[in-house]
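Inspection log for the structure reproduced underneath, given as structure tokens.
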Amino acid sequence: MDNGDTQNIEPIAEAKQAVDNRQPDGTFGPGNVANPYGRPKKGWTWRDLINDELLVQLQSKDGGPSIEARKAIVKRLVLMAVGGDIQAVRELFDRTEGKPIQPTAEVPDDLIKDLLHIYKPTKNPE
């Protein structure tokens, strides 16, 4: 009876090896990868949707040439800045020159000395 059980197990092991191309030690054979199709592509993102819309060509109201939506936004922002809109000016400068560095508060030396005196570590009694 043992002989019959062994005969049934061997074809199953051979079939499994043929399906996933694993070597007898369990590793994959040469040229075989565990995920042949790679990671599945992610779905849409907000960034993709917005970028797609910013590339759309817009027709001008007066029948002039079309312009990309992102260029129309930049032109409008510049016109607002020239018209005196401070937030538009700030946005333009932040995007082109970078945001200004924020100064950090300096701690007076007297305060540091007081804090060190108050929180002076004590020695462990032995």
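Every chain in the structure tokens takes a letter, A first, then B, and so on in the order presented; its residues are numbered from 1, and the ligands are numbered from 1 following the presented order.
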Helix (DSSP H, G or I) per DSSP on the backbone: members of stretch 78-117 of chain A, as number ranges by chain
A: 78-82, 86-96, 109-117
Could you please take those selected residues and save C-alpha atoms as a PDB file, in the first residue's frame?
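Okay, this is what ended up in again_6.pdb:
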```pdb
ATOM      1  CA  VAL A  78       0.050  88.057 -13.324  1.00  0.00           C
ATOM      2  CA  LEU A  79      -2.794  90.432 -14.220  1.00  0.00           C
ATOM      3  CA  MET A  80      -4.137  90.203 -10.672  1.00  0.00           C
ATOM      4  CA  ALA A  81      -0.666  90.936  -9.238  1.00  0.00           C
ATOM      5  CA  VAL A  82      -0.196  93.936 -11.534  1.00  0.00           C
ATOM      6  CA  ILE A  86      -1.150  91.267  -2.713  1.00  0.00           C
ATOM      7  CA  GLN A  87      -1.934  87.550  -2.465  1.00  0.00           C
ATOM      8  CA  ALA A  88      -1.302  87.185  -6.204  1.00  0.00           C
ATOM      9  CA  VAL A  89       2.021  89.003  -5.811  1.00  0.00           C
ATOM     10  CA  ARG A  90       2.946  86.753  -2.889  1.00  0.00           C
ATOM     11  CA  GLU A  91       2.011  83.614  -4.844  1.00  0.00           C
ATOM     12  CA  LEU A  92       4.081  84.674  -7.846  1.00  0.00           C
ATOM     13  CA  PHE A  93       7.146  85.460  -5.762  1.00  0.00           C
ATOM     14  CA  ASP A  94       6.802  82.271  -3.680  1.00  0.00           C
ATOM     15  CA  ARG A  95       6.632  80.187  -6.866  1.00  0.00           C
ATOM     16  CA  THR A  96       9.463  81.935  -8.699  1.00  0.00           C
ATOM     17  CA  ASP A 109      21.714  83.415  27.701  1.00  0.00           C
ATOM     18  CA  ASP A 110      20.220  84.382  31.074  1.00  0.00           C
ATOM     19  CA  LEU A 111      17.232  82.115  30.458  1.00  0.00           C
ATOM     20  CA  ILE A 112      19.481  79.204  29.537  1.00  0.00           C
ATOM     21  CA  LYS A 113      21.535  79.674  32.734  1.00  0.00           C
ATOM     22  CA  ASP A 114      18.348  79.839  34.851  1.00  0.00           C
ATOM     23  CA  LEU A 115      16.959  76.684  33.239  1.00  0.00           C
ATOM     24  CA  LEU A 116      20.226  74.821  33.762  1.00  0.00           C
ATOM     25  CA  HIS A 117      20.294  75.918  37.400  1.00  0.00           C
TER      26      HIS A 117
END
```
